[in-house]
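Colleague: Below is coords.cif; it holds mmCIF, C-alpha atoms.
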```
data_protein
loop_
_atom_site.label_atom_id
_atom_site.label_comp_id
_atom_site.auth_asym_id
_atom_site.auth_seq_id
_atom_site.Cartn_x
_atom_site.Cartn_y
_atom_site.Cartn_z
CA MET O 1 -17.29 -22.95 93.69
CA ASN O 2 -13.74 -24.30 93.59
CA SER O 3 -10.94 -23.26 95.88
CA PHE O 4 -9.21 -21.16 93.22
CA PHE O 5 -12.19 -18.81 93.01
CA GLU O 6 -12.47 -18.70 96.79
CA ALA O 7 -8.82 -17.69 97.14
CA LEU O 8 -9.17 -15.07 94.41
CA ILE O 9 -12.28 -13.52 96.01
CA ALA O 10 -10.68 -13.55 99.48
CA LEU O 11 -7.55 -11.89 98.08
CA HIS O 12 -9.59 -9.13 96.44
CA ILE O 13 -11.55 -8.49 99.64
CA VAL O 14 -8.44 -8.37 101.84
CA VAL O 15 -6.51 -6.09 99.47
CA GLY O 16 -9.52 -3.79 99.02
CA ALA O 17 -10.12 -3.51 102.77
CA PHE O 18 -6.42 -2.78 103.31
CA PHE O 19 -6.51 0.04 100.76
CA ILE O 20 -9.63 1.52 102.37
CA PHE O 21 -7.88 1.40 105.76
CA VAL O 22 -4.78 3.09 104.33
CA GLY O 23 -6.90 5.85 102.77
CA SER O 24 -8.69 6.65 106.00
CA PHE O 25 -5.43 6.49 107.97
CA GLY O 26 -3.92 9.02 105.58
CA LEU O 27 -6.99 11.22 105.99
CA LEU O 28 -6.41 11.14 109.74
CA LYS O 29 -2.62 11.53 109.92
CA LEU O 30 -1.39 13.69 107.02
CA PRO O 31 -0.43 17.25 107.95
CA SER O 32 -2.20 19.65 105.54
CA PHE O 33 -5.49 19.62 103.65
CA MET O 34 -3.94 19.29 100.20
CA SER O 35 -2.04 16.17 101.27
CA ARG O 36 -5.07 14.84 103.14
CA LEU O 37 -7.04 15.15 99.88
CA HIS O 38 -4.81 12.56 98.18
CA ALA O 39 -5.48 9.66 100.53
CA PRO O 40 -9.27 9.15 100.21
CA SER O 41 -9.56 10.23 96.59
CA LYS O 42 -7.09 7.61 95.33
CA SER O 43 -6.65 4.87 97.89
CA THR O 44 -10.24 4.51 99.09
CA THR O 45 -11.59 4.48 95.55
CA LEU O 46 -9.17 1.70 94.65
CA GLY O 47 -10.22 -0.26 97.75
CA VAL O 48 -13.91 -0.01 96.90
CA GLY O 49 -13.03 -1.14 93.37
CA GLY O 50 -11.37 -4.23 94.84
CA CYS O 51 -14.44 -5.07 96.93
CA LEU O 52 -16.71 -4.64 93.88
CA VAL O 53 -14.48 -6.92 91.78
CA ALA O 54 -14.71 -9.51 94.58
CA SER O 55 -18.52 -9.29 94.58
CA MET O 56 -18.59 -9.62 90.78
CA LEU O 57 -16.32 -12.68 90.89
CA GLN O 58 -18.48 -14.28 93.58
CA LEU O 59 -21.66 -13.90 91.52
CA TRP O 60 -19.83 -15.20 88.47
CA ALA O 61 -18.60 -18.26 90.35
CA ALA O 62 -21.95 -18.93 92.04
CA ALA O 63 -24.46 -18.29 89.25
CA GLY O 64 -22.33 -18.35 86.09
CA THR O 65 -23.58 -14.95 84.94
CA ILE O 66 -21.72 -11.65 84.95
CA SER O 67 -23.73 -8.99 86.78
CA VAL O 68 -23.62 -5.41 85.52
CA HIS O 69 -24.56 -3.64 88.76
CA GLU O 70 -21.02 -3.73 90.16
CA THR O 71 -19.51 -2.34 86.99
CA LEU O 72 -22.09 0.46 87.19
CA ILE O 73 -21.06 1.37 90.75
CA THR O 74 -17.37 1.03 89.85
CA PHE O 75 -17.61 3.31 86.84
CA PHE O 76 -19.65 5.83 88.80
CA LEU O 77 -17.15 5.94 91.68
CA PHE O 78 -14.13 6.07 89.37
CA MET O 79 -15.67 8.96 87.43
CA THR O 80 -16.89 11.02 90.40
CA ALA O 81 -13.86 10.70 92.72
CA PRO O 82 -11.54 12.94 90.59
CA VAL O 83 -14.33 15.48 90.08
CA THR O 84 -14.98 15.62 93.83
CA ALA O 85 -11.26 15.99 94.61
CA HIS O 86 -10.92 18.75 92.01
CA PHE O 87 -13.85 20.70 93.43
CA LEU O 88 -12.55 20.31 96.99
CA ALA O 89 -9.13 21.60 95.92
CA LEU O 90 -10.73 24.59 94.16
CA ALA O 91 -12.81 25.45 97.22
CA TYR O 92 -9.76 25.10 99.46
CA LEU O 93 -7.73 27.47 97.25
CA HIS O 94 -10.62 29.92 97.30
CA THR O 95 -11.05 29.91 101.08
CA GLN O 96 -7.29 30.13 101.64
CA ARG O 97 -7.00 33.18 99.41
CA SER O 98 -9.85 35.01 101.10
CA ILE O 99 -7.98 34.51 104.38
CA ASP O 100 -4.43 35.10 103.12
CA GLU O 101 -4.02 37.68 100.35
CA SER O 102 -0.26 37.16 99.99
CA LEU O 103 -0.55 34.56 97.19
CA PRO O 104 1.12 35.55 93.91
CA LYS O 105 -0.89 36.66 90.88
CA PRO O 106 -0.93 34.07 88.08
CA SER O 107 -0.18 36.47 85.21
CA PRO O 108 -0.94 40.14 84.36
CA ASN O 109 -4.05 39.55 82.23
CA SER O 110 -5.61 36.53 83.94
CA ASN O 111 -6.98 35.57 87.33
CA TRP O 112 -7.20 32.53 89.53
CA SER O 113 -9.79 30.13 88.18
CA THR O 114 -11.84 30.05 91.37
CA LEU O 115 -12.75 33.73 91.05
CA LEU O 116 -15.33 35.19 88.70
CA ASN O 117 -13.79 38.58 87.91
CA GLU O 118 -11.38 41.18 89.17
CA GLU O 119 -13.95 42.88 91.38
CA SER O 120 -14.39 39.84 93.59
CA MET O 121 -10.63 39.69 94.23
CA THR O 122 -10.94 42.49 96.74
CA HIS O 123 -13.83 40.96 98.67
CA SER O 124 -13.73 37.94 100.88
CA ASN O 125 -16.27 35.17 100.50
CA SER O 126 -18.37 36.18 103.50
CA VAL O 127 -18.61 39.76 102.25
CA ARG O 128 -19.91 38.54 98.91
CA ILE O 129 -22.51 36.36 100.60
CA SER O 130 -23.76 39.24 102.74
CA GLU O 131 -23.90 41.54 99.71
CA LYS O 132 -25.89 39.01 97.72
CA SER O 133 -28.44 38.57 100.50
CA LYS O 134 -29.23 42.30 100.72
CA MET Z 1 -11.98 -18.68 103.41
CA ILE Z 2 -14.33 -16.03 102.07
CA GLY Z 3 -15.98 -15.78 105.49
CA TYR Z 4 -12.71 -14.91 107.21
CA ALA Z 5 -11.80 -12.41 104.47
CA VAL Z 6 -15.20 -10.72 104.86
CA LEU Z 7 -14.72 -10.55 108.62
CA PHE Z 8 -11.29 -8.95 108.12
CA GLY Z 9 -12.87 -6.49 105.71
CA PHE Z 10 -15.61 -5.61 108.20
CA ALA Z 11 -13.00 -4.93 110.90
CA ALA Z 12 -10.71 -2.84 108.67
CA ILE Z 13 -13.54 -0.75 107.20
CA SER Z 14 -15.07 -0.19 110.65
CA ILE Z 15 -11.76 1.12 112.00
CA ALA Z 16 -11.49 3.29 108.87
CA LEU Z 17 -14.98 4.69 109.54
CA LEU Z 18 -13.96 5.52 113.12
CA MET Z 19 -10.88 7.37 111.84
CA ASN Z 20 -13.06 9.28 109.38
CA LEU Z 21 -15.40 10.18 112.24
CA TRP Z 22 -12.42 11.48 114.23
CA ARG Z 23 -11.40 13.69 111.29
CA LEU Z 24 -15.03 14.80 110.90
CA ALA Z 25 -15.12 15.90 114.55
CA MET Z 26 -11.64 17.45 114.77
CA GLY Z 27 -11.22 18.84 111.23
CA PRO Z 28 -9.63 22.29 111.33
CA THR Z 29 -11.48 23.60 108.25
CA VAL Z 30 -14.95 23.06 106.82
CA LEU Z 31 -13.50 21.28 103.78
CA ASP Z 32 -11.85 18.68 106.02
CA ARG Z 33 -15.29 17.81 107.33
CA VAL Z 34 -16.74 17.68 103.81
CA LEU Z 35 -13.92 15.36 102.71
CA ALA Z 36 -14.39 13.17 105.79
CA GLY Z 37 -18.13 12.85 105.12
CA ASP Z 38 -17.51 11.92 101.48
CA THR Z 39 -14.98 9.27 102.54
CA MET Z 40 -17.42 7.91 105.11
CA VAL Z 41 -20.04 7.37 102.41
CA VAL Z 42 -17.50 5.56 100.21
CA ASN Z 43 -16.59 3.30 103.15
CA MET Z 44 -20.30 2.65 103.76
CA ILE Z 45 -20.62 1.53 100.13
CA ALA Z 46 -17.77 -0.93 100.67
CA LEU Z 47 -19.47 -2.24 103.85
CA ILE Z 48 -22.75 -2.76 101.98
CA ILE Z 49 -20.97 -4.61 99.17
CA LEU Z 50 -19.16 -6.86 101.66
CA TYR Z 51 -22.46 -7.58 103.44
CA GLY Z 52 -23.90 -8.62 100.09
CA VAL Z 53 -20.91 -10.93 99.57
CA GLN Z 54 -21.44 -12.45 103.02
CA ARG Z 55 -25.20 -13.00 102.52
CA ASN Z 56 -24.67 -14.09 98.89
CA THR Z 57 -27.37 -11.78 97.55
CA THR Z 58 -27.62 -8.92 95.06
CA LEU Z 59 -30.28 -7.05 97.03
CA TYR Z 60 -28.04 -4.22 98.26
CA PHE Z 61 -26.50 -2.91 95.03
CA GLU Z 62 -29.19 -0.33 94.44
CA SER Z 63 -28.69 1.18 97.88
CA ALA Z 64 -24.93 1.35 97.23
CA LEU Z 65 -25.53 3.10 93.90
CA LEU Z 66 -27.95 5.58 95.51
CA LEU Z 67 -25.43 6.34 98.28
CA ALA Z 68 -22.71 6.96 95.68
CA MET Z 69 -24.92 9.41 93.77
CA PHE Z 70 -26.03 11.28 96.89
CA SER Z 71 -22.49 11.62 98.23
CA PHE Z 72 -21.28 13.02 94.90
CA ILE Z 73 -24.11 15.53 94.63
CA SER Z 74 -23.86 16.69 98.25
CA THR Z 75 -20.09 17.17 98.07
CA ILE Z 76 -20.39 19.17 94.85
CA ALA Z 77 -23.14 21.27 96.42
CA TYR Z 78 -20.97 22.04 99.47
CA CYS Z 79 -18.06 23.05 97.25
CA ARG Z 80 -20.28 25.22 95.05
CA PHE Z 81 -21.60 26.94 98.15
CA LEU Z 82 -18.09 27.66 99.41
CA LEU Z 83 -16.90 28.80 95.99
CA ARG Z 84 -19.78 31.01 94.89
CA GLY Z 85 -21.86 31.63 98.00
CA ASP Z 86 -24.78 30.02 96.18
CA ILE Z 87 -25.59 26.57 94.85
CA ILE Z 88 -27.85 27.37 91.88
CA GLU Z 89 -27.15 30.79 90.38
#
```
Kindly present the structure from the file in C-alpha cells form.
Modeller:
Amino acid sequence: MNSFFEALIALHIVVGAFFIFVGSFGLLKLPSFMSRLHAPSKSTTLGVGGCLVASMLQLWAAAGTISVHETLITFFLFMTAPVTAHFLALAYLHTQRSIDESLPKPSPNSNWSTLLNEESMTHSNSVRISEKSK
Amino acid sequence: MIGYAVLFGFAAISIALLMNLWRLAMGPTVLDRVLAGDTMVVNMIALIILYGVQRNTTLYFESALLLAMFSFISTIAYCRFLLRGDIIE
C-alpha cells in the first residue's frame, strides 16, 4: 500500500469521525426537538459514509478487489435515515398536538397527516390507547 | 498514519456516544430518547467499521448490517406506537 492510499484512507476516517462528533454534539446542544432532529439524521449519516468509504479503499488497496459489503451498508443507511427522520417528525407533531390544541387547521376539507380522521382530532393519544384496550 | 487516524476516530466516536447517552438520560420527551438510541446505533456501526479497518479484516460487516436493520425497524416501531397506539393494526 503506497503512501497516497494511506493518506486518503486517513483523511476519510478523520473527516468521518469529525462529522459523527458534530452530529452528536448537535443532538446534545440544540434547543428544540425539531432542530435536534437535523444533526444526527444528516451529519452522522455522512460521517458513517466516510468511514465506510475508508474501509472500502483499504480493502481495495490491500487486496485489489472492491468489496460490496460496504456499499450495501452505505445504501441501507442512506435510504433509512430520511425515513427514520420523517417518522420521528410525524410522531413529534402528533404528540405536540395532543398536548397543545392551539395549532392552526391546515385547510377546511383536510386534516393533519398524522391523524386518521376527524373523530380522533378530539381525543388525545392516551385516550385512544385506553379505548382500544377495552 | 492509518493507525493514528483510527485512534482519533475511536476517541471522537466514543465522546459522541457519551453525548448521545447524556441526551438519552436527560431527554425531555420520549422521541428525544428514541432519536438518541438511533444515533447511538449508527455510532456503534461506525466503531465496528473502524475496528475492522484497524484489524484489517472483513469479519464485522455482517454485524454492522444487522445493527443497521434492527435500529431502523425498532425506531419505526416506536414511532408507529406513538402515532397509532399500535404497531401492527
Colleague: Excluding Leu59 of chain O and residues on its chain fewer than 4 positions from it, collect all residues at most 12 Å away from it, counting all atoms listed in the file, and give them as a VMD selection string.
Modeller: (chain O and resid 1 5 to 6 9 52 to 55 63 to 70) or (chain Z and resid 52 to 58)
Colleague: Could you give me, as a tab-separated table, every chain Z residue with an atom at most 6 Å from chain O, plus its closest atom pair and distance in Å to one decimal, counting only C-alpha atoms, rows ordered by chain then number?
Modeller:
```
residue	atom	partner	partner_atom	distance
Z:Ile2	CA	O:Ala10	CA	5.1
Z:Ala5	CA	O:Ala10	CA	5.2
Z:Gly9	CA	O:Ala17	CA	5.0
Z:Ala12	CA	O:Phe21	CA	5.9
Z:Ala16	CA	O:Phe21	CA	5.1
Z:Arg23	CA	O:Leu28	CA	5.8
Z:Ala46	CA	O:Val48	CA	5.5
Z:Val53	CA	O:Ser55	CA	5.8
Z:Leu65	CA	O:Ile73	CA	5.7
Z:Cys79	CA	O:Ala91	CA	5.8
Z:Leu83	CA	O:Ala91	CA	5.4
Z:Gly85	CA	O:Ile129	CA	5.4
```
Colleague: Since we have the selection now, will you write its residues out, keeping C-alpha atoms, as a CSV table (one decimal), keeping the file's coordinate frame?
Modeller:
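The resulting again_20.csv:
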```csv
chain,number,residue,atom,x,y,z
Z,2,ILE,CA,-14.3,-16.0,102.1
Z,5,ALA,CA,-11.8,-12.4,104.5
Z,9,GLY,CA,-12.9,-6.5,105.7
Z,12,ALA,CA,-10.7,-2.8,108.7
Z,16,ALA,CA,-11.5,3.3,108.9
Z,23,ARG,CA,-11.4,13.7,111.3
Z,46,ALA,CA,-17.8,-0.9,100.7
Z,53,VAL,CA,-20.9,-10.9,99.6
Z,65,LEU,CA,-25.5,3.1,93.9
Z,79,CYS,CA,-18.1,23.0,97.2
Z,83,LEU,CA,-16.9,28.8,96.0
Z,85,GLY,CA,-21.9,31.6,98.0
```
Colleague: In Å, rounded to a single decimal, give me how far atom CA of Leu50 of chain Z is from atom CA of Val6 of chain Z.
Modeller: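 Answer for the atom CA of Val6 of chain Z to atom CA of Leu50 of chain Z separation: 6.4 Å.
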Colleague: So what do you get for atom CA of Ala77 of chain Z versus atom CA of Met19 of chain Z, distance-wise?
Modeller: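 Between atom CA of Ala77 of chain Z and atom CA of Met19 of chain Z the gap is 24.1 Å.
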Colleague: Evaluate the PyMOL selection byres ((chain Z and resi 24) around 12) on the structure here and hand back the selected residues as JSON, numbers by chain.
Modeller: {"O": [24, 27, 28], "Z": [17, 18, 19, 20, 21, 22, 23, 25, 26, 27, 28, 29, 30, 31, 32, 33, 34, 35, 36, 37, 38, 39, 40]}
Colleague: Can you measure atom CA of Ile76 of chain Z to atom CA of Leu46 of chain O for me? One decimal in Å is fine.
Modeller: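 Value for the atom CA of Ile76 of chain Z-atom CA of Leu46 of chain O distance: 20.8 Å.
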Colleague: Determine the axis-aligned bounding box of all atoms of segment 56-66 of chain O present in the file, pad each side by 5 Å, and express its centre and edge lengths in Å to one decimal place as AutoDock Vina command-line options.
Modeller:
```
--center_x -20.4 --center_y -14.3 --center_z 89.3 --size_x 18.1 --size_y 19.3 --size_z 18.6
```
Colleague: Since the input lacks atoms, please generate all heavy atoms for segment 49-60 of chain Z and provide them as a PDB file, in the coordinates of the input.
Modeller:
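Contents of the output file out_33.pdb:
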```pdb
ATOM      1  N   ILE Z  49     -21.381  -3.606 100.150  1.00  0.00           N
ATOM      2  CA  ILE Z  49     -20.970  -4.610  99.170  1.00  0.00           C
ATOM      3  C   ILE Z  49     -20.470  -5.866  99.872  1.00  0.00           C
ATOM      4  O   ILE Z  49     -20.806  -6.998  99.492  1.00  0.00           O
ATOM      5  CB  ILE Z  49     -19.888  -4.013  98.256  1.00  0.00           C
ATOM      6  CG1 ILE Z  49     -20.443  -2.860  97.432  1.00  0.00           C
ATOM      7  CG2 ILE Z  49     -19.329  -5.075  97.322  1.00  0.00           C
ATOM      8  CD1 ILE Z  49     -21.497  -3.240  96.481  1.00  0.00           C
ATOM      9  N   LEU Z  50     -19.680  -5.676 100.939  1.00  0.00           N
ATOM     10  CA  LEU Z  50     -19.160  -6.860 101.660  1.00  0.00           C
ATOM     11  C   LEU Z  50     -20.290  -7.612 102.350  1.00  0.00           C
ATOM     12  O   LEU Z  50     -20.254  -8.843 102.442  1.00  0.00           O
ATOM     13  CB  LEU Z  50     -18.112  -6.422 102.681  1.00  0.00           C
ATOM     14  CG  LEU Z  50     -16.745  -6.087 102.104  1.00  0.00           C
ATOM     15  CD1 LEU Z  50     -15.744  -5.902 103.215  1.00  0.00           C
ATOM     16  CD2 LEU Z  50     -16.273  -7.163 101.174  1.00  0.00           C
ATOM     17  N   TYR Z  51     -21.303  -6.898 102.847  1.00  0.00           N
ATOM     18  CA  TYR Z  51     -22.460  -7.580 103.440  1.00  0.00           C
ATOM     19  C   TYR Z  51     -23.195  -8.398 102.391  1.00  0.00           C
ATOM     20  O   TYR Z  51     -23.639  -9.521 102.662  1.00  0.00           O
ATOM     21  CB  TYR Z  51     -23.381  -6.551 104.075  1.00  0.00           C
ATOM     22  CG  TYR Z  51     -24.487  -7.162 104.889  1.00  0.00           C
ATOM     23  CD1 TYR Z  51     -24.200  -7.820 106.073  1.00  0.00           C
ATOM     24  CD2 TYR Z  51     -25.807  -7.093 104.466  1.00  0.00           C
ATOM     25  CE1 TYR Z  51     -25.196  -8.394 106.811  1.00  0.00           C
ATOM     26  CE2 TYR Z  51     -26.805  -7.665 105.207  1.00  0.00           C
ATOM     27  CZ  TYR Z  51     -26.498  -8.312 106.382  1.00  0.00           C
ATOM     28  OH  TYR Z  51     -27.499  -8.887 107.110  1.00  0.00           O
ATOM     29  N   GLY Z  52     -23.296  -7.851 101.174  1.00  0.00           N
ATOM     30  CA  GLY Z  52     -23.900  -8.620 100.090  1.00  0.00           C
ATOM     31  C   GLY Z  52     -23.092  -9.857  99.742  1.00  0.00           C
ATOM     32  O   GLY Z  52     -23.652 -10.918  99.439  1.00  0.00           O
ATOM     33  N   VAL Z  53     -21.752  -9.758  99.816  1.00  0.00           N
ATOM     34  CA  VAL Z  53     -20.910 -10.930  99.570  1.00  0.00           C
ATOM     35  C   VAL Z  53     -21.129 -11.977 100.657  1.00  0.00           C
ATOM     36  O   VAL Z  53     -21.231 -13.177 100.387  1.00  0.00           O
ATOM     37  CB  VAL Z  53     -19.421 -10.500  99.493  1.00  0.00           C
ATOM     38  CG1 VAL Z  53     -18.510 -11.719  99.526  1.00  0.00           C
ATOM     39  CG2 VAL Z  53     -19.170  -9.723  98.224  1.00  0.00           C
ATOM     40  N   GLN Z  54     -21.264 -11.497 101.921  1.00  0.00           N
ATOM     41  CA  GLN Z  54     -21.440 -12.450 103.020  1.00  0.00           C
ATOM     42  C   GLN Z  54     -22.798 -13.155 102.937  1.00  0.00           C
ATOM     43  O   GLN Z  54     -22.885 -14.358 103.151  1.00  0.00           O
ATOM     44  CB  GLN Z  54     -21.305 -11.709 104.343  1.00  0.00           C
ATOM     45  CG  GLN Z  54     -21.195 -12.631 105.536  1.00  0.00           C
ATOM     46  CD  GLN Z  54     -21.272 -11.885 106.839  1.00  0.00           C
ATOM     47  OE1 GLN Z  54     -21.937 -10.867 106.933  1.00  0.00           O
ATOM     48  NE2 GLN Z  54     -20.599 -12.396 107.842  1.00  0.00           N
ATOM     49  N   ARG Z  55     -23.857 -12.414 102.599  1.00  0.00           N
ATOM     50  CA  ARG Z  55     -25.200 -13.000 102.520  1.00  0.00           C
ATOM     51  C   ARG Z  55     -25.474 -13.673 101.184  1.00  0.00           C
ATOM     52  O   ARG Z  55     -26.532 -14.268 101.025  1.00  0.00           O
ATOM     53  CB  ARG Z  55     -26.250 -11.905 102.750  1.00  0.00           C
ATOM     54  CG  ARG Z  55     -26.244 -11.331 104.121  1.00  0.00           C
ATOM     55  CD  ARG Z  55     -26.809 -12.287 105.131  1.00  0.00           C
ATOM     56  NE  ARG Z  55     -26.468 -11.870 106.469  1.00  0.00           N
ATOM     57  CZ  ARG Z  55     -26.328 -12.712 107.485  1.00  0.00           C
ATOM     58  NH1 ARG Z  55     -26.472 -14.007 107.295  1.00  0.00           N
ATOM     59  NH2 ARG Z  55     -26.027 -12.273 108.674  1.00  0.00           N
ATOM     60  N   ASN Z  56     -24.547 -13.491 100.219  1.00  0.00           N
ATOM     61  CA  ASN Z  56     -24.670 -14.090  98.890  1.00  0.00           C
ATOM     62  C   ASN Z  56     -25.952 -13.638  98.194  1.00  0.00           C
ATOM     63  O   ASN Z  56     -26.740 -14.443  97.691  1.00  0.00           O
ATOM     64  CB  ASN Z  56     -24.620 -15.618  98.979  1.00  0.00           C
ATOM     65  CG  ASN Z  56     -24.190 -16.212  97.661  1.00  0.00           C
ATOM     66  OD1 ASN Z  56     -23.939 -15.483  96.712  1.00  0.00           O
ATOM     67  ND2 ASN Z  56     -24.106 -17.524  97.596  1.00  0.00           N
ATOM     68  N   THR Z  57     -26.172 -12.330  98.181  1.00  0.00           N
ATOM     69  CA  THR Z  57     -27.370 -11.780  97.550  1.00  0.00           C
ATOM     70  C   THR Z  57     -27.004 -10.516  96.782  1.00  0.00           C
ATOM     71  O   THR Z  57     -25.976  -9.897  97.045  1.00  0.00           O
ATOM     72  CB  THR Z  57     -28.430 -11.429  98.609  1.00  0.00           C
ATOM     73  OG1 THR Z  57     -29.521 -10.789  97.951  1.00  0.00           O
ATOM     74  CG2 THR Z  57     -27.883 -10.490  99.640  1.00  0.00           C
ATOM     75  N   THR Z  58     -27.846 -10.141  95.845  1.00  0.00           N
ATOM     76  CA  THR Z  58     -27.620  -8.920  95.060  1.00  0.00           C
ATOM     77  C   THR Z  58     -28.607  -7.828  95.445  1.00  0.00           C
ATOM     78  O   THR Z  58     -28.840  -6.900  94.677  1.00  0.00           O
ATOM     79  CB  THR Z  58     -27.772  -9.210  93.561  1.00  0.00           C
ATOM     80  OG1 THR Z  58     -29.122  -9.616  93.326  1.00  0.00           O
ATOM     81  CG2 THR Z  58     -26.838 -10.290  93.123  1.00  0.00           C
ATOM     82  N   LEU Z  59     -29.188  -7.947  96.636  1.00  0.00           N
ATOM     83  CA  LEU Z  59     -30.280  -7.050  97.030  1.00  0.00           C
ATOM     84  C   LEU Z  59     -29.791  -5.641  97.319  1.00  0.00           C
ATOM     85  O   LEU Z  59     -30.541  -4.679  97.189  1.00  0.00           O
ATOM     86  CB  LEU Z  59     -30.966  -7.632  98.261  1.00  0.00           C
ATOM     87  CG  LEU Z  59     -32.318  -7.067  98.665  1.00  0.00           C
ATOM     88  CD1 LEU Z  59     -33.306  -7.279  97.553  1.00  0.00           C
ATOM     89  CD2 LEU Z  59     -32.792  -7.760  99.924  1.00  0.00           C
ATOM     90  N   TYR Z  60     -28.492  -5.488  97.690  1.00  0.00           N
ATOM     91  CA  TYR Z  60     -28.040  -4.220  98.260  1.00  0.00           C
ATOM     92  C   TYR Z  60     -27.327  -3.318  97.262  1.00  0.00           C
ATOM     93  O   TYR Z  60     -26.820  -2.281  97.645  1.00  0.00           O
ATOM     94  CB  TYR Z  60     -27.120  -4.490  99.439  1.00  0.00           C
ATOM     95  CG  TYR Z  60     -27.777  -5.321 100.490  1.00  0.00           C
ATOM     96  CD1 TYR Z  60     -27.431  -6.640 100.677  1.00  0.00           C
ATOM     97  CD2 TYR Z  60     -28.784  -4.784 101.285  1.00  0.00           C
ATOM     98  CE1 TYR Z  60     -28.057  -7.405 101.629  1.00  0.00           C
ATOM     99  CE2 TYR Z  60     -29.407  -5.541 102.231  1.00  0.00           C
ATOM    100  CZ  TYR Z  60     -29.040  -6.861 102.397  1.00  0.00           C
ATOM    101  OH  TYR Z  60     -29.667  -7.616 103.344  1.00  0.00           O
TER     102      TYR Z  60
END
```
